[in-house]
$ cat query.cif   # mmCIF, C-alpha atoms
data_my_file
loop_
_atom_site.group_PDB
_atom_site.id
_atom_site.type_symbol
_atom_site.label_atom_id
_atom_site.label_comp_id
_atom_site.auth_asym_id
_atom_site.auth_seq_id
_atom_site.Cartn_x
_atom_site.Cartn_y
_atom_site.Cartn_z
ATOM 1 C CA MET T 12 88.412 4.780 57.386
ATOM 2 C CA MET T 13 89.303 5.206 53.708
ATOM 3 C CA ARG T 14 86.157 3.234 52.908
ATOM 4 C CA SER T 15 84.005 6.189 53.927
ATOM 5 C CA LEU T 16 85.797 8.491 51.489
ATOM 6 C CA TRP T 17 84.870 6.364 48.471
ATOM 7 C CA THR T 18 81.352 5.775 49.803
ATOM 8 C CA SER T 19 80.724 9.504 50.196
ATOM 9 C CA ALA T 20 82.201 10.176 46.757
ATOM 10 C CA SER T 21 79.801 7.681 45.156
ATOM 11 C CA GLY T 22 76.925 9.404 46.940
ATOM 12 C CA MET T 23 77.984 12.811 45.606
ATOM 13 C CA THR T 24 78.224 11.453 42.055
ATOM 14 C CA ALA T 25 74.770 9.881 42.336
ATOM 15 C CA GLN T 26 73.199 13.083 43.649
ATOM 16 C CA MET T 27 74.776 15.098 40.830
ATOM 17 C CA LEU T 28 73.011 12.841 38.325
ATOM 18 C CA LYS T 29 69.814 13.186 40.354
ATOM 19 C CA ILE T 30 70.076 16.969 40.076
ATOM 20 C CA ASP T 31 70.713 16.645 36.326
ATOM 21 C CA THR T 32 67.486 14.643 35.983
ATOM 22 C CA VAL T 33 65.414 17.023 38.091
ATOM 23 C CA THR T 34 66.651 20.116 36.256
ATOM 24 C CA ASN T 35 65.854 18.480 32.914
ATOM 25 C CA ASN T 36 62.301 17.897 34.171
ATOM 26 C CA ILE T 37 62.001 21.539 35.216
ATOM 27 C CA ALA T 38 63.423 22.750 31.900
ATOM 28 C CA ASN T 39 60.719 20.789 30.037
ATOM 29 C CA VAL T 40 57.786 21.860 32.188
ATOM 30 C CA ASN T 41 56.129 23.470 29.133
ATOM 31 C CA THR T 42 57.225 20.895 26.539
ATOM 32 C CA THR T 43 54.268 19.305 24.756
ATOM 33 C CA GLY T 44 53.871 15.616 25.631
ATOM 34 C CA PHE T 45 56.975 15.519 27.863
ATOM 35 C CA LYS T 46 57.079 12.778 30.501
ATOM 36 C CA ARG T 47 58.980 13.418 33.715
ATOM 37 C CA GLU T 48 61.989 11.278 34.552
ATOM 38 C CA ARG T 49 62.968 9.662 37.838
ATOM 39 C CA MET T 50 66.477 8.562 38.768
ATOM 40 C CA GLU T 51 66.790 5.138 40.402
ATOM 41 C CA PHE T 52 69.730 3.926 42.482
ATOM 42 C CA GLN T 53 71.284 0.638 43.587
ATOM 43 C CA THR T 54 73.666 -0.248 46.391
ATOM 44 C CA LEU T 55 77.234 -1.133 45.495
ATOM 45 C CA LEU T 56 79.051 -4.290 46.604
ATOM 46 C CA TYR T 57 79.151 -5.191 50.274
ATOM 47 C CA GLU T 58 82.279 -6.274 52.109
ATOM 48 C CA THR T 59 81.512 -9.173 54.442
ATOM 49 C CA LEU T 60 83.720 -8.899 57.508
ATOM 50 C CA GLN T 61 82.083 -11.830 59.262
ATOM 51 C CA ARG T 62 79.366 -14.175 58.074
ATOM 52 C CA ALA T 63 76.384 -15.347 60.077
ATOM 53 C CA ASP T 64 77.117 -18.760 61.584
ATOM 54 C CA LEU T 65 74.545 -20.110 64.004
ATOM 55 C CA ASP T 66 74.691 -23.566 65.577
ATOM 56 C CA PRO T 67 71.023 -24.487 66.218
ATOM 57 C CA VAL T 68 72.010 -27.373 68.505
ATOM 58 C CA ASN T 69 74.259 -25.514 70.934
ATOM 59 C CA MET T 70 72.602 -22.155 70.258
ATOM 60 C CA THR T 71 75.950 -20.480 69.669
ATOM 61 C CA GLY T 72 77.373 -18.270 66.940
ATOM 62 C CA ARG T 73 76.330 -15.107 65.127
ATOM 63 C CA PRO T 74 72.719 -14.779 63.934
ATOM 64 C CA VAL T 75 73.546 -11.864 61.604
ATOM 65 C CA ASN T 76 76.225 -10.919 59.086
ATOM 66 C CA LEU T 77 78.795 -8.192 59.684
ATOM 67 C CA GLN T 78 78.847 -6.293 56.383
ATOM 68 C CA VAL T 79 79.893 -2.843 55.255
ATOM 69 C CA GLY T 80 78.490 -1.214 52.105
ATOM 70 C CA HIS T 81 80.559 0.675 49.547
ATOM 71 C CA GLY T 82 78.080 3.306 48.462
ATOM 72 C CA VAL T 83 75.540 3.806 45.704
ATOM 73 C CA ARG T 84 75.335 3.897 41.928
ATOM 74 C CA PRO T 85 72.668 5.054 39.448
ATOM 75 C CA SER T 86 70.827 2.100 37.934
ATOM 76 C CA ALA T 87 68.219 3.614 35.601
ATOM 77 C CA VAL T 88 66.227 6.663 34.610
ATOM 78 C CA THR T 89 62.547 5.753 34.546
ATOM 79 C CA ARG T 90 59.997 7.832 32.664
ATOM 80 C CA ILE T 91 56.644 8.388 34.331
ATOM 81 C CA PHE T 92 54.108 8.015 31.511
ATOM 82 C CA SER T 93 51.154 9.399 33.446
ATOM 83 C CA GLN T 94 48.653 11.550 31.570
ATOM 84 C CA GLY T 95 49.598 15.212 31.266
ATOM 85 C CA SER T 96 47.119 18.051 31.532
ATOM 86 C CA MET T 97 45.056 18.984 28.465
ATOM 87 C CA GLN T 98 45.430 22.506 27.069
ATOM 88 C CA ARG T 99 42.877 23.876 24.647
ATOM 89 C CA THR T 100 44.410 25.565 21.601
ATOM 90 C CA ASP T 101 41.405 25.854 19.212
ATOM 91 C CA ARG T 102 43.739 24.785 16.423
ATOM 92 C CA PRO T 103 42.106 21.981 14.390
ATOM 93 C CA ILE T 104 45.302 19.997 13.745
ATOM 94 C CA ASP T 105 46.428 20.059 17.354
ATOM 95 C CA VAL T 106 45.601 16.581 18.649
ATOM 96 C CA ALA T 107 46.047 15.210 22.162
ATOM 97 C CA ILE T 108 46.193 11.524 23.089
ATOM 98 C CA GLN T 109 44.227 10.369 26.105
ATOM 99 C CA GLY T 110 45.636 6.982 26.988
ATOM 100 C CA SER T 111 48.905 5.096 26.533
ATOM 101 C CA GLY T 112 49.261 5.456 22.771
ATOM 102 C CA PHE T 113 51.878 7.128 20.563
ATOM 103 C CA PHE T 114 51.699 8.699 17.132
ATOM 104 C CA GLU T 115 53.850 6.894 14.571
ATOM 105 C CA ILE T 116 55.840 9.097 12.223
ATOM 106 C CA ARG T 117 58.357 8.485 9.457
ATOM 107 C CA THR T 118 61.493 10.575 9.130
ATOM 108 C CA ASN T 119 62.024 12.341 5.844
ATOM 109 C CA ILE T 120 65.698 11.381 5.959
ATOM 110 C CA ASP T 121 65.300 7.619 5.721
ATOM 111 C CA ASP T 122 61.918 6.148 4.808
ATOM 112 C CA ASP T 123 62.699 2.990 6.770
ATOM 113 C CA VAL T 124 63.065 4.784 10.111
ATOM 114 C CA LEU T 125 59.907 4.997 12.228
ATOM 115 C CA MET T 126 59.690 7.086 15.359
ATOM 116 C CA TYR T 127 57.029 7.718 17.962
ATOM 117 C CA THR T 128 55.779 10.781 19.808
ATOM 118 C CA ARG T 129 52.944 12.086 21.959
ATOM 119 C CA ASP T 130 53.393 15.614 20.613
ATOM 120 C CA GLY T 131 50.297 16.240 18.503
ATOM 121 C CA SER T 132 51.090 19.798 17.358
ATOM 122 C CA PHE T 133 50.801 18.906 13.685
ATOM 123 C CA GLN T 134 51.300 20.982 10.534
ATOM 124 C CA LEU T 135 50.154 20.780 6.910
ATOM 125 C CA MET T 136 53.212 20.607 4.651
ATOM 126 C CA PRO T 137 53.131 20.833 0.818
ATOM 127 C CA ASP T 138 54.357 17.630 -0.812
ATOM 128 C CA GLY T 139 55.245 19.200 -4.163
ATOM 129 C CA ASP T 140 52.563 17.233 -6.032
ATOM 130 C CA GLY T 141 49.570 19.389 -5.266
ATOM 131 C CA GLY T 142 48.849 17.838 -1.909
ATOM 132 C CA LEU T 143 49.310 18.587 1.775
ATOM 133 C CA VAL T 144 50.988 16.155 4.173
ATOM 134 C CA LEU T 145 50.025 15.932 7.826
ATOM 135 C CA ALA T 146 53.387 16.235 9.579
ATOM 136 C CA THR T 147 55.054 17.117 12.873
ATOM 137 C CA SER T 148 56.613 20.523 13.497
ATOM 138 C CA ASN T 149 59.929 18.971 12.368
ATOM 139 C CA GLY T 150 58.406 18.014 9.013
ATOM 140 C CA PHE T 151 58.127 14.276 9.719
ATOM 141 C CA PRO T 152 55.012 12.754 8.089
ATOM 142 C CA VAL T 153 52.353 11.225 10.334
ATOM 143 C CA MET T 154 51.486 7.634 9.441
ATOM 144 C CA SER T 155 48.038 6.161 8.852
ATOM 145 C CA VAL T 156 46.874 2.733 10.047
ATOM 146 C CA ASP T 157 47.630 1.420 6.553
ATOM 147 C CA GLY T 158 51.256 2.479 6.849
ATOM 148 C CA ASP T 159 50.834 5.349 4.379
ATOM 149 C CA ILE T 160 51.630 9.032 4.655
ATOM 150 C CA ILE T 161 48.473 11.081 5.284
ATOM 151 C CA THR T 162 48.008 13.356 2.243
ATOM 152 C CA ILE T 163 45.023 15.628 1.568
ATOM 153 C CA SER T 164 44.111 18.020 -1.206
ATOM 154 C CA ASP T 165 45.739 21.452 -1.176
ATOM 155 C CA GLU T 166 42.252 22.888 -1.641
ATOM 156 C CA LEU T 167 41.602 22.093 2.013
ATOM 157 C CA THR T 168 42.831 24.041 5.022
ATOM 158 C CA MET T 169 43.322 22.978 8.615
ATOM 159 C CA HIS T 170 39.952 24.519 9.458
ATOM 160 C CA ASP T 171 38.247 22.089 7.063
ATOM 161 C CA LEU T 172 39.556 19.026 8.926
ATOM 162 C CA ILE T 173 37.728 17.050 11.563
ATOM 163 C CA ILE T 174 39.488 14.318 13.545
ATOM 164 C CA ASN T 175 37.258 12.011 15.549
ATOM 165 C CA PRO T 176 38.335 10.214 18.775
ATOM 166 C CA ASP T 177 39.352 7.119 16.777
ATOM 167 C CA GLY T 178 41.681 9.179 14.579
ATOM 168 C CA MET T 179 39.534 9.146 11.435
ATOM 169 C CA LEU T 180 39.939 12.240 9.220
ATOM 170 C CA PHE T 181 36.980 14.010 7.663
ATOM 171 C CA ALA T 182 36.662 17.222 5.664
ATOM 172 C CA THR T 183 33.773 19.613 5.956
ATOM 173 C CA SER T 184 32.463 21.412 2.881
ATOM 174 C CA GLY T 185 31.943 24.609 4.861
ATOM 175 C CA GLY T 186 29.165 27.058 4.038
ATOM 176 C CA PRO T 187 25.991 27.461 6.109
ATOM 177 C CA ALA T 188 25.707 25.016 8.956
ATOM 178 C CA GLU T 189 22.538 23.472 7.564
ATOM 179 C CA ASP T 190 24.275 22.800 4.215
ATOM 180 C CA ALA T 191 27.625 21.656 5.563
ATOM 181 C CA GLY T 192 28.603 18.128 4.659
ATOM 182 C CA PHE T 193 31.363 15.770 5.662
ATOM 183 C CA GLN T 194 33.695 13.901 3.388
ATOM 184 C CA ASP T 195 35.491 10.786 4.612
ATOM 185 C CA LEU T 196 39.158 11.267 3.705
ATOM 186 C CA GLU T 197 39.741 7.518 4.207
ATOM 187 C CA PHE T 198 42.667 8.112 6.526
ATOM 188 C CA GLN T 199 42.969 7.080 10.140
ATOM 189 C CA ILE T 200 45.883 8.283 12.265
ATOM 190 C CA ARG T 201 48.052 5.373 13.392
ATOM 191 C CA ILE T 202 48.213 5.001 17.180
ATOM 192 C CA VAL T 203 50.450 2.356 18.738
ATOM 193 C CA GLN T 204 51.282 1.082 22.197
ATOM 194 C CA PHE T 205 54.326 -0.764 23.520
ATOM 195 C CA PRO T 206 54.573 -3.727 25.914
ATOM 196 C CA ASN T 207 57.225 -1.803 27.886
ATOM 197 C CA THR T 208 57.090 1.949 27.350
ATOM 198 C CA ASN T 209 60.085 2.507 29.646
ATOM 199 C CA GLY T 210 62.164 0.532 27.164
ATOM 200 C CA LEU T 211 61.733 3.254 24.525
ATOM 201 C CA GLU T 212 64.824 5.308 23.721
ATOM 202 C CA ALA T 213 64.430 9.086 23.696
ATOM 203 C CA VAL T 214 66.248 10.722 20.780
ATOM 204 C CA GLY T 215 65.245 14.348 21.337
ATOM 205 C CA ASN T 216 62.674 16.541 19.564
ATOM 206 C CA ASN T 217 59.900 14.811 21.569
ATOM 207 C CA LEU T 218 60.668 11.558 19.711
ATOM 208 C CA PHE T 219 61.212 7.969 20.799
ATOM 209 C CA ILE T 220 62.487 4.943 18.926
ATOM 210 C CA GLU T 221 61.675 1.281 19.410
ATOM 211 C CA THR T 222 64.211 -0.946 21.166
ATOM 212 C CA ILE T 223 64.408 -4.622 22.066
ATOM 213 C CA ALA T 224 63.469 -3.670 25.624
ATOM 214 C CA SER T 225 60.330 -1.789 24.549
ATOM 215 C CA GLY T 226 59.053 -4.596 22.357
ATOM 216 C CA ALA T 227 57.426 -4.213 18.959
ATOM 217 C CA PRO T 228 54.674 -1.575 18.576
ATOM 218 C CA LEU T 229 51.094 -2.800 18.878
ATOM 219 C CA LEU T 230 48.638 -1.143 16.511
ATOM 220 C CA GLU T 231 45.575 -0.104 18.509
ATOM 221 C CA ALA T 232 43.268 -0.516 15.508
ATOM 222 C CA GLU T 233 44.221 -4.189 15.072
ATOM 223 C CA ASP T 234 46.168 -5.652 18.009
ATOM 224 C CA GLU T 235 44.991 -6.416 21.501
ATOM 225 C CA VAL T 236 45.916 -3.610 23.889
ATOM 226 C CA GLY T 237 44.864 -2.994 27.442
ATOM 227 C CA ARG T 238 42.915 0.167 26.711
ATOM 228 C CA VAL T 239 42.431 1.950 23.400
ATOM 229 C CA SER T 240 43.502 5.601 23.360
ATOM 230 C CA GLN T 241 41.214 8.454 22.395
ATOM 231 C CA LEU T 242 42.203 11.517 20.369
ATOM 232 C CA THR T 243 40.984 14.998 21.243
ATOM 233 C CA GLN T 244 41.042 17.630 18.494
ATOM 234 C CA ASN T 245 41.880 21.282 19.311
ATOM 235 C CA TYR T 246 43.873 20.220 22.390
ATOM 236 C CA LEU T 247 47.487 19.419 23.248
ATOM 237 C CA GLU T 248 48.778 17.216 26.043
ATOM 238 C CA MET T 249 51.178 19.230 28.177
ATOM 239 C CA SER T 250 54.085 18.026 30.292
ATOM 240 C CA ASN T 251 53.236 15.951 33.382
ATOM 241 C CA VAL T 252 55.980 17.703 35.388
ATOM 242 C CA SER T 253 54.930 19.198 38.732
ATOM 243 C CA ILE T 254 57.171 22.141 39.629
ATOM 244 C CA ALA T 255 56.426 21.761 43.354
ATOM 245 C CA GLU T 256 57.404 18.091 43.321
ATOM 246 C CA GLU T 257 60.564 18.757 41.325
ATOM 247 C CA MET T 258 61.638 21.558 43.671
ATOM 248 C CA ILE T 259 61.285 19.198 46.617
ATOM 249 C CA GLY T 260 63.411 16.644 44.781
ATOM 250 C CA LEU T 261 65.993 19.325 43.953
ATOM 251 C CA ILE T 262 66.278 20.436 47.579
ATOM 252 C CA THR T 263 66.508 16.823 48.776
ATOM 253 C CA ALA T 264 69.277 16.033 46.280
ATOM 254 C CA GLN T 265 71.189 19.164 47.271
ATOM 255 C CA ARG T 266 70.976 18.301 50.988
ATOM 256 C CA ALA T 267 72.104 14.740 50.273
ATOM 257 C CA PHE T 268 75.042 16.072 48.226
ATOM 258 C CA ASP T 269 76.046 18.411 51.060
ATOM 259 C CA THR T 270 75.792 15.612 53.622
ATOM 260 C CA ASN T 271 77.963 13.291 51.517
ATOM 261 C CA SER T 272 80.570 16.031 51.129
ATOM 262 C CA ARG T 273 80.491 16.440 54.901
ATOM 263 C CA GLY T 274 81.262 12.719 55.189
ATOM 264 C CA ILE T 275 84.433 13.256 53.143
ATOM 265 C CA THR T 276 85.440 16.210 55.332
ATOM 266 C CA THR T 277 84.852 14.231 58.520
ATOM 267 C CA SER T 278 86.831 11.237 57.242
ATOM 268 C CA ASN T 279 89.697 13.530 56.276
ATOM 269 C CA GLU T 280 89.756 15.124 59.725
ATOM 270 C CA MET T 281 89.803 11.688 61.357
ATOM 271 C CA LEU T 282 92.699 10.622 59.123
ATOM 272 C CA GLN T 283 94.618 13.755 60.092
ATOM 273 C CA THR T 284 94.006 13.013 63.773
ATOM 274 C CA ALA T 285 95.213 9.435 63.357
ATOM 275 C CA THR T 286 98.338 10.651 61.544
ATOM 276 C CA GLN T 287 99.146 13.099 64.346
ATOM 277 C CA LEU T 288 98.816 10.303 66.927
ATOM 278 C CA VAL T 289 101.409 8.250 65.078
ATOM 279 C CA ARG T 290 103.828 11.184 65.155
#

$ encode --input "query.cif" --output "structure tokens"
Amino acid sequence: MMRSLWTSASGMTAQMLKIDTVTNNIANVNTTGFKRERMEFQTLLYETLQRADLDPVNMTGRPVNLQVGHGVRPSAVTRIFSQGSMQRTDRPIDVAIQGSGFFEIRTNIDDDVLMYTRDGSFQLMPDGDGGLVLATSNGFPVMSVDGDIITISDELTMHDLIINPDGMLFATSGGPAEDAGFQDLEFQIRIVQFPNTNGLEAVGNNLFIETIASGAPLLEAEDEVGRVSQLTQNYLEMSNVSIAEEMIGLITAQRAFDTNSRGITTSNEMLQTATQLVR
């Protein structure tokens, strides 16, 4: 009977983590480029009280095992990298990725550290040398396909920039439409994919880092990838969280938690009854 106490306790612990995951999804419903998370569970060890033992000649014995489980444990949190909805912002350096790609950025703390994001709400940041750096809202420079920081003249503004679906940057000269020209800035935004996106490690601020499980990044402009991503200027990719779906998951987790707690109460009552019988 004590077995049920520990089994119910493991179920309550698992459902608490499930609720933590669901509430984090709900909290990030408006976070640019956020990908919803899903908690996965595994059964714990089984106690075999009697093994299957069938004699095919005499047709005697047990055809099935007699086993009792010991509960559940969380095994992983999987990110669902489905495409989020596109929101128009009419801001020229807001860029959304359609596909499986990630922007590659370099931290301004350590030049050797590369991180990855799907948050394309970029800024133009002065570099101190008369230029403007294309950077994230945290000030991390966006990388080009050549592995360089994307730097443009400070005479340009965000409204002068044009980013095509392949990530190439152009500058318009402005003026009347019939006289407007385009200048190739010779920069292309670096977009990468990973063999196993669920192996990426989230480090906050909409950023991921490469791990052994994710595999090395594959440059879309050079390496073979399943499908090349497309960039859309003046748009941002929003979170792929569905509030209705998360509320259903929250209610289900709460009911499961309550039911597991009821299992502990029932086991306790049965133990009390057994103790009274002994007296």

$ closest_residue --input "query.cif" --among "T:Val203, T:Leu167, T:His81, T:Asp140" --to "Ser155 of chain T" --atoms "all atoms listed in the file"
T:Val203

$ atom_distance --input "query.cif" --atom1 "atom CA of Arg129 of chain T" --atom2 "atom CA of Phe113 of chain T"
5.3 Å

$ resolve_selection --input "query.cif" --expression "the PyMOL selection byres ((chain T and resi 61) around 9)" --output "PyMOL selection string"
chain T and resi 59-60+62-64+73+75-78

$ atom_distance --input "query.cif" --atom1 "atom CA of Ile262 of chain T" --atom2 "atom CA of Leu28 of chain T"
13.7 Å

$ closest_residue --input "query.cif" --among "T:Thr270, T:Ser132, T:Ser86, T:Ser111" --to "Arg99 of chain T" --atoms "all atoms listed in the file"
T:Ser132

$ closest_residue --input "query.cif" --among "T:Trp17, T:Tyr246, T:Phe219, T:Phe45" --to "Leu125 of chain T" --atoms "all atoms listed in the file"
T:Phe219

$ atom_distance --input "query.cif" --atom1 "atom CA of Thr168 of chain T" --atom2 "atom CA of Leu230 of chain T"
28.3 Å

$ closest_residue --input "query.cif" --among "T:Ile220, T:Asn209, T:Asn175, T:Val83" --to "Arg49 of chain T" --atoms "all atoms listed in the file"
T:Asn209

$ resolve_selection --input "query.cif" --expression "the PyMOL selection byres ((chain T and resi 137) around 12)" --output "list in words"
Gln134, Leu135, Met136, Asp138, Gly139, Asp140, Gly141, Gly142, Leu143, Val144, Leu145, Ala146, Gly150, Pro152, Ile161, Thr162, Ile163, Ser164, Asp165, Glu166, Leu167 and Thr168 of chain T

$ resolve_selection --input "query.cif" --expression "the PyMOL selection byres ((chain T and resi 208) around 9)" --output "PyMOL selection string"
chain T and resi 90+92+111+204-207+209-211+224-226

$ residues_around --input "query.cif" --residues "Asn271 of chain T" --least-positions-apart "3" --cutoff "8 Å" --atoms "all atoms listed in the file" --output "ChimeraX atom specification"
/T:19-20,22-23,267-268,274-275

$ residues_around --input "query.cif" --residues "Gln241 of chain T" --least-positions-apart "3" --cutoff "7 Å" --atoms "only C-alpha atoms" --output "JSON, numbers by chain"
{"T": [108, 109, 110, 176, 177]}

$ write_last_selection --input "query.cif" --atoms "C-alpha atoms" --output "mmCIF file, in the frame of the given file"
data_model
loop_
_atom_site.group_PDB
_atom_site.id
_atom_site.type_symbol
_atom_site.label_atom_id
_atom_site.label_comp_id
_atom_site.auth_asym_id
_atom_site.auth_seq_id
_atom_site.Cartn_x
_atom_site.Cartn_y
_atom_site.Cartn_z
ATOM 1 C CA ILE T 108 46.193 11.524 23.089
ATOM 2 C CA GLN T 109 44.227 10.369 26.105
ATOM 3 C CA GLY T 110 45.636 6.982 26.988
ATOM 4 C CA PRO T 176 38.335 10.214 18.775
ATOM 5 C CA ASP T 177 39.352 7.119 16.777
#

$ closest_residue --input "query.cif" --among "T:Ile259, T:Ile202, T:Ala182, T:Leu247" --to "Glu231 of chain T" --atoms "only C-alpha atoms"
T:Ile202

$ closest_residue --input "query.cif" --among "T:Asn35, T:Asp130, T:Arg117, T:Ser272" --to "Ser21 of chain T" --atoms "all atoms listed in the file"
T:Ser272
